Amino acid sequence: MSDITRHNTGQRMSQSVTHNGTVYLAGQVGNPGDSVADQTLTCLEKVETLLAEAGSDATRILQCVIWLADMADFAEMNSVWDAWVPEGHAPARACGEAKLATPDYKVELIATAAQG
């Protein structure tokens, strides 16, 4: 039986959970009110930090789900994503529009990765 390890755990959720060599991240958001590009960059920086804490990195991301408050921001978000994703390591990905926790959030990113 594999252990479940939770990191940065609060009452409501953990920022990451590892089980059986897989890292599951909670949805990551940027700074409220920032541009879509800046929020995307902040999300990706948070993902990198959480993956490093769990013994993984961006090259090991298996899947990423991205929620945008407005699909009109798809190109702006992708300009940051495309510059960030490691060459040859693009994960399976989905992107959709959703009403996020507050109107000031424009992007939320959820990643699952293999441990190193």
# chains A, B, ... in the order shown; residues from 1 in each chain; ligands from 1

$ residues_around --residues "range 91-105 of chain A" --least-positions-apart "2" --cutoff "12 Å" --atoms "only C-alpha atoms" --output "ChimeraX atom specification"
/A:27-40,42-43,58-75,77-78,81-82,85-89,107-114

$ write_last_selection --atoms "N, CA and C atoms" --output "compact mmCIF listing (two decimals), in the first residue's frame"
# COMPACT_ATOMS: atom_id res chain seq x y z
N GLY A 27 -5.62 23.71 -7.77
CA GLY A 27 -5.66 24.78 -8.75
C GLY A 27 -4.82 25.96 -8.27
N GLN A 28 -4.00 26.48 -9.16
CA GLN A 28 -3.13 27.61 -8.85
C GLN A 28 -3.63 28.85 -9.57
N VAL A 29 -3.66 29.96 -8.85
CA VAL A 29 -4.12 31.22 -9.42
C VAL A 29 -3.04 32.29 -9.26
N GLY A 30 -3.18 33.34 -10.03
CA GLY A 30 -2.25 34.46 -9.95
C GLY A 30 -2.73 35.51 -8.97
N ASN A 31 -2.17 36.69 -9.10
CA ASN A 31 -2.55 37.80 -8.23
C ASN A 31 -3.81 38.47 -8.77
N PRO A 32 -4.84 38.61 -7.93
CA PRO A 32 -6.08 39.22 -8.38
C PRO A 32 -5.83 40.59 -9.02
N GLY A 33 -6.47 40.81 -10.16
CA GLY A 33 -6.34 42.10 -10.83
C GLY A 33 -5.20 42.20 -11.82
N ASP A 34 -4.21 41.28 -11.76
CA ASP A 34 -3.12 41.28 -12.73
C ASP A 34 -3.65 40.91 -14.11
N SER A 35 -2.86 41.19 -15.13
CA SER A 35 -3.23 40.81 -16.49
C SER A 35 -3.27 39.29 -16.62
N VAL A 36 -3.88 38.81 -17.68
CA VAL A 36 -3.92 37.37 -17.95
C VAL A 36 -2.50 36.81 -18.05
N ALA A 37 -1.63 37.51 -18.76
CA ALA A 37 -0.25 37.06 -18.92
C ALA A 37 0.45 36.97 -17.57
N ASP A 38 0.30 38.00 -16.74
CA ASP A 38 0.96 37.98 -15.43
C ASP A 38 0.38 36.91 -14.52
N GLN A 39 -0.93 36.74 -14.56
CA GLN A 39 -1.54 35.68 -13.74
C GLN A 39 -1.07 34.30 -14.21
N THR A 40 -0.97 34.12 -15.51
CA THR A 40 -0.49 32.84 -16.03
C THR A 40 0.93 32.58 -15.56
N THR A 42 2.45 33.75 -12.92
CA THR A 42 2.42 33.46 -11.49
C THR A 42 1.95 32.03 -11.23
N CYS A 43 0.91 31.59 -11.94
CA CYS A 43 0.44 30.21 -11.81
C CYS A 43 1.56 29.22 -12.10
N ALA A 58 8.79 20.58 -14.22
CA ALA A 58 7.90 20.84 -15.37
C ALA A 58 8.04 19.80 -16.48
N THR A 59 9.19 19.16 -16.59
CA THR A 59 9.37 18.14 -17.64
C THR A 59 8.59 16.86 -17.33
N ARG A 60 8.07 16.75 -16.11
CA ARG A 60 7.38 15.53 -15.69
C ARG A 60 5.87 15.73 -15.57
N ILE A 61 5.37 16.89 -16.03
CA ILE A 61 3.93 17.13 -15.98
C ILE A 61 3.24 16.20 -16.98
N LEU A 62 2.27 15.47 -16.49
CA LEU A 62 1.52 14.52 -17.31
C LEU A 62 0.31 15.18 -17.95
N GLN A 63 -0.36 16.01 -17.16
CA GLN A 63 -1.60 16.64 -17.63
C GLN A 63 -1.75 18.01 -16.99
N CYS A 64 -2.31 18.93 -17.74
CA CYS A 64 -2.61 20.25 -17.21
C CYS A 64 -4.00 20.66 -17.68
N VAL A 65 -4.80 21.15 -16.74
CA VAL A 65 -6.12 21.69 -17.06
C VAL A 65 -6.08 23.17 -16.73
N ILE A 66 -6.46 23.99 -17.69
CA ILE A 66 -6.43 25.44 -17.52
C ILE A 66 -7.84 25.97 -17.66
N TRP A 67 -8.24 26.76 -16.68
CA TRP A 67 -9.54 27.44 -16.73
C TRP A 67 -9.30 28.91 -16.94
N LEU A 68 -9.99 29.49 -17.91
CA LEU A 68 -9.95 30.93 -18.17
C LEU A 68 -11.31 31.51 -17.83
N ALA A 69 -11.32 32.69 -17.25
CA ALA A 69 -12.59 33.37 -16.98
C ALA A 69 -13.26 33.79 -18.29
N ASP A 70 -12.43 33.99 -19.32
CA ASP A 70 -12.94 34.42 -20.62
C ASP A 70 -12.06 33.82 -21.72
N MET A 71 -12.65 33.02 -22.59
CA MET A 71 -11.86 32.38 -23.66
C MET A 71 -11.26 33.41 -24.63
N ALA A 72 -11.70 34.64 -24.57
CA ALA A 72 -11.08 35.70 -25.37
C ALA A 72 -9.62 35.90 -24.96
N ASP A 73 -9.25 35.41 -23.77
CA ASP A 73 -7.87 35.54 -23.26
C ASP A 73 -6.99 34.35 -23.63
N PHE A 74 -7.51 33.42 -24.44
CA PHE A 74 -6.80 32.19 -24.80
C PHE A 74 -5.42 32.49 -25.41
N ALA A 75 -5.34 33.39 -26.36
CA ALA A 75 -4.07 33.69 -27.03
C ALA A 75 -3.06 34.30 -26.06
N MET A 77 -2.92 33.92 -22.75
CA MET A 77 -2.46 32.87 -21.85
C MET A 77 -1.47 31.95 -22.57
N ASN A 78 -1.81 31.56 -23.81
CA ASN A 78 -0.95 30.65 -24.57
C ASN A 78 0.41 31.27 -24.88
N TRP A 81 2.28 30.40 -21.78
CA TRP A 81 2.41 28.94 -21.69
C TRP A 81 3.45 28.43 -22.69
N ASP A 82 3.33 28.86 -23.96
CA ASP A 82 4.21 28.36 -25.01
C ASP A 82 5.67 28.69 -24.75
N VAL A 85 6.57 26.11 -21.42
CA VAL A 85 6.55 24.64 -21.46
C VAL A 85 7.89 24.12 -22.02
N PRO A 86 8.53 23.19 -21.30
CA PRO A 86 9.83 22.68 -21.76
C PRO A 86 9.73 22.00 -23.13
N GLU A 87 10.64 22.33 -24.01
CA GLU A 87 10.68 21.77 -25.37
C GLU A 87 10.65 20.24 -25.29
N GLY A 88 9.73 19.65 -26.03
CA GLY A 88 9.63 18.19 -26.07
C GLY A 88 8.91 17.57 -24.89
N HIS A 89 8.39 18.40 -23.98
CA HIS A 89 7.73 17.87 -22.77
C HIS A 89 6.33 18.43 -22.59
N VAL A 107 -7.25 33.30 -14.60
CA VAL A 107 -6.65 32.01 -14.98
C VAL A 107 -6.55 31.12 -13.74
N GLU A 108 -6.84 29.85 -13.91
CA GLU A 108 -6.55 28.85 -12.88
C GLU A 108 -5.97 27.63 -13.58
N LEU A 109 -4.90 27.10 -13.01
CA LEU A 109 -4.15 26.03 -13.65
C LEU A 109 -4.03 24.86 -12.69
N ILE A 110 -4.35 23.65 -13.16
CA ILE A 110 -4.31 22.43 -12.35
C ILE A 110 -3.38 21.44 -13.06
N ALA A 111 -2.36 20.97 -12.37
CA ALA A 111 -1.39 20.07 -13.00
C ALA A 111 -1.25 18.76 -12.22
N THR A 112 -0.96 17.70 -12.98
CA THR A 112 -0.64 16.40 -12.41
C THR A 112 0.69 15.98 -13.02
N ALA A 113 1.61 15.49 -12.19
CA ALA A 113 2.96 15.16 -12.67
C ALA A 113 3.46 13.87 -12.05
N ALA A 114 4.43 13.28 -12.71
CA ALA A 114 5.15 12.13 -12.16
C ALA A 114 6.27 12.65 -11.27

$ atom_distance --atom1 "CA of Ala90 in chain A" --atom2 "CA of Asp57 in chain A"
12.5 Å

$ atom_distance --atom1 "CA of Asn8 in chain A" --atom2 "CA of Val47 in chain A"
13.0 Å

$ residues_around --residues "Gly21 in chain A" --least-positions-apart "5" --cutoff "10 Å" --atoms "only C-alpha atoms" --output "number ranges by chain"
A: 2-4, 54-56, 113-116

$ atom_distance --atom1 "CA of Ser79 in chain A" --atom2 "CA of Leu51 in chain A"
22.0 Å

$ select_by_dssp --residues "range 29-101 of chain A" --states "strand (DSSP E)" --output "number ranges by chain"
A: 29, 61-68, 92-97

$ write_last_selection --atoms "all heavy atoms" --output "tab-separated table (two decimals), in the first residue's frame"
chain	number	residue	atom	x	y	z
A	29	VAL	N	-3.66	29.96	-8.85
A	29	VAL	CA	-4.12	31.22	-9.42
A	29	VAL	C	-3.04	32.29	-9.26
A	29	VAL	O	-2.13	32.14	-8.44
A	29	VAL	CB	-5.44	31.69	-8.75
A	29	VAL	CG1	-6.57	30.72	-9.07
A	29	VAL	CG2	-5.28	31.85	-7.25
A	61	ILE	N	5.37	16.89	-16.03
A	61	ILE	CA	3.93	17.13	-15.98
A	61	ILE	C	3.24	16.20	-16.98
A	61	ILE	O	3.61	16.14	-18.15
A	61	ILE	CB	3.58	18.60	-16.29
A	61	ILE	CG1	4.17	19.52	-15.20
A	61	ILE	CG2	2.07	18.79	-16.37
A	61	ILE	CD1	4.00	21.00	-15.48
A	62	LEU	N	2.27	15.47	-16.49
A	62	LEU	CA	1.52	14.52	-17.31
A	62	LEU	C	0.31	15.18	-17.95
A	62	LEU	O	-0.01	14.93	-19.11
A	62	LEU	CB	1.04	13.35	-16.44
A	62	LEU	CG	2.12	12.57	-15.69
A	62	LEU	CD1	1.49	11.63	-14.67
A	62	LEU	CD2	3.00	11.84	-16.67
A	63	GLN	N	-0.36	16.01	-17.16
A	63	GLN	CA	-1.60	16.64	-17.63
A	63	GLN	C	-1.75	18.01	-16.99
A	63	GLN	O	-1.37	18.20	-15.83
A	63	GLN	CB	-2.80	15.79	-17.26
A	63	GLN	CG	-4.13	16.37	-17.72
A	63	GLN	CD	-5.31	15.53	-17.29
A	63	GLN	OE1	-5.36	15.05	-16.16
A	63	GLN	NE2	-6.25	15.34	-18.19
A	64	CYS	N	-2.31	18.93	-17.74
A	64	CYS	CA	-2.61	20.25	-17.21
A	64	CYS	C	-4.00	20.66	-17.68
A	64	CYS	O	-4.34	20.52	-18.86
A	64	CYS	CB	-1.57	21.26	-17.68
A	64	CYS	SG	-1.78	22.86	-16.90
A	65	VAL	N	-4.80	21.15	-16.74
A	65	VAL	CA	-6.12	21.69	-17.06
A	65	VAL	C	-6.08	23.17	-16.73
A	65	VAL	O	-5.67	23.56	-15.64
A	65	VAL	CB	-7.24	20.98	-16.25
A	65	VAL	CG1	-8.59	21.62	-16.53
A	65	VAL	CG2	-7.25	19.49	-16.54
A	66	ILE	N	-6.46	23.99	-17.69
A	66	ILE	CA	-6.43	25.44	-17.52
A	66	ILE	C	-7.84	25.97	-17.66
A	66	ILE	O	-8.55	25.67	-18.63
A	66	ILE	CB	-5.52	26.10	-18.57
A	66	ILE	CG1	-4.09	25.54	-18.45
A	66	ILE	CG2	-5.53	27.62	-18.42
A	66	ILE	CD1	-3.17	25.92	-19.59
A	67	TRP	N	-8.24	26.76	-16.68
A	67	TRP	CA	-9.54	27.44	-16.73
A	67	TRP	C	-9.30	28.91	-16.94
A	67	TRP	O	-8.49	29.52	-16.24
A	67	TRP	CB	-10.31	27.23	-15.43
A	67	TRP	CG	-10.73	25.82	-15.20
A	67	TRP	CD1	-10.29	24.98	-14.22
A	67	TRP	CD2	-11.67	25.07	-15.96
A	67	TRP	NE1	-10.89	23.75	-14.33
A	67	TRP	CE2	-11.75	23.78	-15.40
A	67	TRP	CE3	-12.45	25.37	-17.08
A	67	TRP	CZ2	-12.58	22.80	-15.91
A	67	TRP	CZ3	-13.28	24.38	-17.60
A	67	TRP	CH2	-13.33	23.11	-17.00
A	68	LEU	N	-9.99	29.49	-17.91
A	68	LEU	CA	-9.95	30.93	-18.17
A	68	LEU	C	-11.31	31.51	-17.83
A	68	LEU	O	-12.34	30.90	-18.13
A	68	LEU	CB	-9.64	31.21	-19.63
A	68	LEU	CG	-8.25	30.80	-20.13
A	68	LEU	CD1	-8.17	30.96	-21.64
A	68	LEU	CD2	-7.18	31.62	-19.44
A	92	ALA	N	-0.36	16.45	-21.78
A	92	ALA	CA	-1.74	16.45	-22.24
A	92	ALA	C	-2.39	17.67	-21.59
A	92	ALA	O	-2.10	18.00	-20.44
A	92	ALA	CB	-2.44	15.16	-21.77
A	93	ARG	N	-3.22	18.39	-22.36
A	93	ARG	CA	-3.73	19.65	-21.83
A	93	ARG	C	-5.16	19.90	-22.29
A	93	ARG	O	-5.54	19.52	-23.39
A	93	ARG	CB	-2.85	20.81	-22.30
A	93	ARG	CG	-3.10	22.09	-21.54
A	93	ARG	CD	-2.34	23.24	-22.15
A	93	ARG	NE	-3.23	23.99	-23.00
A	93	ARG	CZ	-2.99	25.20	-23.47
A	93	ARG	NH1	-1.84	25.80	-23.20
A	93	ARG	NH2	-3.85	25.82	-24.23
A	94	ALA	N	-5.93	20.53	-21.43
A	94	ALA	CA	-7.26	21.00	-21.77
A	94	ALA	C	-7.40	22.43	-21.28
A	94	ALA	O	-6.77	22.82	-20.29
A	94	ALA	CB	-8.33	20.12	-21.11
A	95	CYS	N	-8.20	23.22	-21.97
A	95	CYS	CA	-8.44	24.60	-21.56
A	95	CYS	C	-9.90	24.92	-21.81
A	95	CYS	O	-10.42	24.63	-22.90
A	95	CYS	CB	-7.53	25.55	-22.34
A	95	CYS	SG	-7.68	27.27	-21.82
A	96	GLY	N	-10.54	25.49	-20.83
A	96	GLY	CA	-11.94	25.85	-20.97
A	96	GLY	C	-12.26	27.13	-20.23
A	96	GLY	O	-11.42	27.69	-19.53
A	97	GLU	N	-13.47	27.57	-20.39
A	97	GLU	CA	-13.93	28.79	-19.73
A	97	GLU	C	-14.76	28.41	-18.52
A	97	GLU	O	-15.58	27.50	-18.58
A	97	GLU	CB	-14.76	29.62	-20.71
A	97	GLU	CG	-15.24	30.94	-20.14
A	97	GLU	CD	-15.99	31.75	-21.17
A	97	GLU	OE1	-15.35	32.34	-22.06
A	97	GLU	OE2	-17.24	31.78	-21.08

$ closest_residue --among "A:His19, A:Tyr24, A:Lys106, A:Glu48" --to "Glu76 in chain A" --atoms "only C-alpha atoms"
A:Lys106

$ select_by_dssp --residues "chain A" --states "helix (DSSP H, G or I)" --output "NGL selection string"
:A and (36-53 or 58-60 or 71-84)

$ decode --residues "range 12-43 of chain A" --atoms "N, CA, C and O atoms" --output "mmCIF file, in the first residue's frame"
data_model
loop_
_atom_site.group_PDB
_atom_site.id
_atom_site.type_symbol
_atom_site.label_atom_id
_atom_site.label_comp_id
_atom_site.auth_asym_id
_atom_site.auth_seq_id
_atom_site.Cartn_x
_atom_site.Cartn_y
_atom_site.Cartn_z
ATOM 1 N N ARG A 12 -9.170 23.397 4.305
ATOM 2 C CA ARG A 12 -9.971 23.115 3.120
ATOM 3 C C ARG A 12 -9.281 22.201 2.123
ATOM 4 O O ARG A 12 -9.933 21.396 1.462
ATOM 5 N N MET A 13 -7.963 22.368 1.959
ATOM 6 C CA MET A 13 -7.276 21.611 0.910
ATOM 7 C C MET A 13 -5.777 21.594 1.127
ATOM 8 O O MET A 13 -5.244 22.355 1.912
ATOM 9 N N SER A 14 -5.138 20.714 0.387
ATOM 10 C CA SER A 14 -3.672 20.664 0.316
ATOM 11 C C SER A 14 -3.269 21.253 -1.028
ATOM 12 O O SER A 14 -3.965 21.063 -2.027
ATOM 13 N N GLN A 15 -2.139 21.932 -1.065
ATOM 14 C CA GLN A 15 -1.659 22.478 -2.331
ATOM 15 C C GLN A 15 -1.120 21.382 -3.237
ATOM 16 O O GLN A 15 -1.166 21.516 -4.455
ATOM 17 N N SER A 16 -0.615 20.297 -2.636
ATOM 18 C CA SER A 16 -0.214 19.148 -3.439
ATOM 19 C C SER A 16 -0.383 17.871 -2.625
ATOM 20 O O SER A 16 -0.292 17.887 -1.405
ATOM 21 N N VAL A 17 -0.626 16.792 -3.361
ATOM 22 C CA VAL A 17 -0.758 15.468 -2.762
ATOM 23 C C VAL A 17 0.029 14.507 -3.639
ATOM 24 O O VAL A 17 -0.093 14.540 -4.870
ATOM 25 N N THR A 18 0.851 13.680 -3.006
ATOM 26 C CA THR A 18 1.582 12.670 -3.774
ATOM 27 C C THR A 18 1.103 11.284 -3.350
ATOM 28 O O THR A 18 0.838 11.025 -2.178
ATOM 29 N N HIS A 19 1.001 10.422 -4.363
ATOM 30 C CA HIS A 19 0.594 9.048 -4.120
ATOM 31 C C HIS A 19 1.121 8.176 -5.251
ATOM 32 O O HIS A 19 0.941 8.509 -6.437
ATOM 33 N N ASN A 20 1.796 7.122 -4.887
ATOM 34 C CA ASN A 20 2.240 6.123 -5.861
ATOM 35 C C ASN A 20 3.030 6.748 -7.024
ATOM 36 O O ASN A 20 2.833 6.391 -8.184
ATOM 37 N N GLY A 21 3.891 7.718 -6.702
ATOM 38 C CA GLY A 21 4.752 8.329 -7.712
ATOM 39 C C GLY A 21 4.107 9.412 -8.558
ATOM 40 O O GLY A 21 4.689 9.877 -9.535
ATOM 41 N N THR A 22 2.898 9.830 -8.187
ATOM 42 C CA THR A 22 2.197 10.877 -8.929
ATOM 43 C C THR A 22 1.941 12.064 -8.010
ATOM 44 O O THR A 22 1.577 11.889 -6.847
ATOM 45 N N VAL A 23 2.131 13.259 -8.555
ATOM 46 C CA VAL A 23 1.908 14.507 -7.817
ATOM 47 C C VAL A 23 0.658 15.179 -8.370
ATOM 48 O O VAL A 23 0.574 15.438 -9.576
ATOM 49 N N TYR A 24 -0.289 15.456 -7.487
ATOM 50 C CA TYR A 24 -1.530 16.131 -7.860
ATOM 51 C C TYR A 24 -1.508 17.525 -7.246
ATOM 52 O O TYR A 24 -1.354 17.650 -6.027
ATOM 53 N N LEU A 25 -1.638 18.553 -8.063
ATOM 54 C CA LEU A 25 -1.638 19.912 -7.546
ATOM 55 C C LEU A 25 -3.046 20.474 -7.472
ATOM 56 O O LEU A 25 -3.886 20.190 -8.338
ATOM 57 N N ALA A 26 -3.270 21.296 -6.462
ATOM 58 C CA ALA A 26 -4.510 22.061 -6.381
ATOM 59 C C ALA A 26 -4.477 23.123 -7.469
ATOM 60 O O ALA A 26 -3.419 23.434 -8.032
ATOM 61 N N GLY A 27 -5.616 23.707 -7.774
ATOM 62 C CA GLY A 27 -5.659 24.785 -8.746
ATOM 63 C C GLY A 27 -4.819 25.965 -8.274
ATOM 64 O O GLY A 27 -4.925 26.381 -7.120
ATOM 65 N N GLN A 28 -4.000 26.483 -9.164
ATOM 66 C CA GLN A 28 -3.129 27.614 -8.849
ATOM 67 C C GLN A 28 -3.631 28.851 -9.571
ATOM 68 O O GLN A 28 -4.001 28.787 -10.743
ATOM 69 N N VAL A 29 -3.655 29.964 -8.852
ATOM 70 C CA VAL A 29 -4.122 31.223 -9.420
ATOM 71 C C VAL A 29 -3.039 32.286 -9.257
ATOM 72 O O VAL A 29 -2.129 32.142 -8.444
ATOM 73 N N GLY A 30 -3.177 33.337 -10.027
ATOM 74 C CA GLY A 30 -2.246 34.457 -9.946
ATOM 75 C C GLY A 30 -2.735 35.505 -8.969
ATOM 76 O O GLY A 30 -3.598 35.253 -8.134
ATOM 77 N N ASN A 31 -2.170 36.690 -9.096
ATOM 78 C CA ASN A 31 -2.551 37.796 -8.226
ATOM 79 C C ASN A 31 -3.815 38.467 -8.774
ATOM 80 O O ASN A 31 -3.846 38.861 -9.941
ATOM 81 N N PRO A 32 -4.839 38.610 -7.928
ATOM 82 C CA PRO A 32 -6.084 39.218 -8.382
ATOM 83 C C PRO A 32 -5.827 40.591 -9.018
ATOM 84 O O PRO A 32 -5.060 41.391 -8.490
ATOM 85 N N GLY A 33 -6.470 40.808 -10.160
ATOM 86 C CA GLY A 33 -6.344 42.095 -10.829
ATOM 87 C C GLY A 33 -5.199 42.204 -11.815
ATOM 88 O O GLY A 33 -5.180 43.109 -12.639
ATOM 89 N N ASP A 34 -4.213 41.278 -11.756
ATOM 90 C CA ASP A 34 -3.117 41.283 -12.730
ATOM 91 C C ASP A 34 -3.647 40.914 -14.115
ATOM 92 O O ASP A 34 -4.732 40.342 -14.234
ATOM 93 N N SER A 35 -2.858 41.190 -15.128
ATOM 94 C CA SER A 35 -3.227 40.813 -16.495
ATOM 95 C C SER A 35 -3.266 39.288 -16.620
ATOM 96 O O SER A 35 -2.721 38.561 -15.774
ATOM 97 N N VAL A 36 -3.877 38.812 -17.682
ATOM 98 C CA VAL A 36 -3.922 37.372 -17.950
ATOM 99 C C VAL A 36 -2.504 36.812 -18.054
ATOM 100 O O VAL A 36 -2.189 35.765 -17.483
ATOM 101 N N ALA A 37 -1.635 37.512 -18.761
ATOM 102 C CA ALA A 37 -0.250 37.056 -18.923
ATOM 103 C C ALA A 37 0.448 36.966 -17.572
ATOM 104 O O ALA A 37 1.110 35.962 -17.271
ATOM 105 N N ASP A 38 0.303 37.995 -16.739
ATOM 106 C CA ASP A 38 0.965 37.981 -15.433
ATOM 107 C C ASP A 38 0.379 36.914 -14.521
ATOM 108 O O ASP A 38 1.114 36.245 -13.788
ATOM 109 N N GLN A 39 -0.934 36.737 -14.560
ATOM 110 C CA GLN A 39 -1.539 35.684 -13.743
ATOM 111 C C GLN A 39 -1.074 34.302 -14.207
ATOM 112 O O GLN A 39 -0.799 33.429 -13.381
ATOM 113 N N THR A 40 -0.972 34.122 -15.509
ATOM 114 C CA THR A 40 -0.490 32.840 -16.033
ATOM 115 C C THR A 40 0.929 32.575 -15.563
ATOM 116 O O THR A 40 1.248 31.468 -15.101
ATOM 117 N N LEU A 41 1.783 33.569 -15.658
ATOM 118 C CA LEU A 41 3.176 33.414 -15.216
ATOM 119 C C LEU A 41 3.240 33.075 -13.735
ATOM 120 O O LEU A 41 3.990 32.180 -13.327
ATOM 121 N N THR A 42 2.450 33.751 -12.921
ATOM 122 C CA THR A 42 2.421 33.457 -11.485
ATOM 123 C C THR A 42 1.951 32.033 -11.228
ATOM 124 O O THR A 42 2.526 31.315 -10.398
ATOM 125 N N CYS A 43 0.909 31.592 -11.943
ATOM 126 C CA CYS A 43 0.436 30.205 -11.805
ATOM 127 C C CYS A 43 1.563 29.224 -12.103
ATOM 128 O O CYS A 43 1.778 28.256 -11.356
#
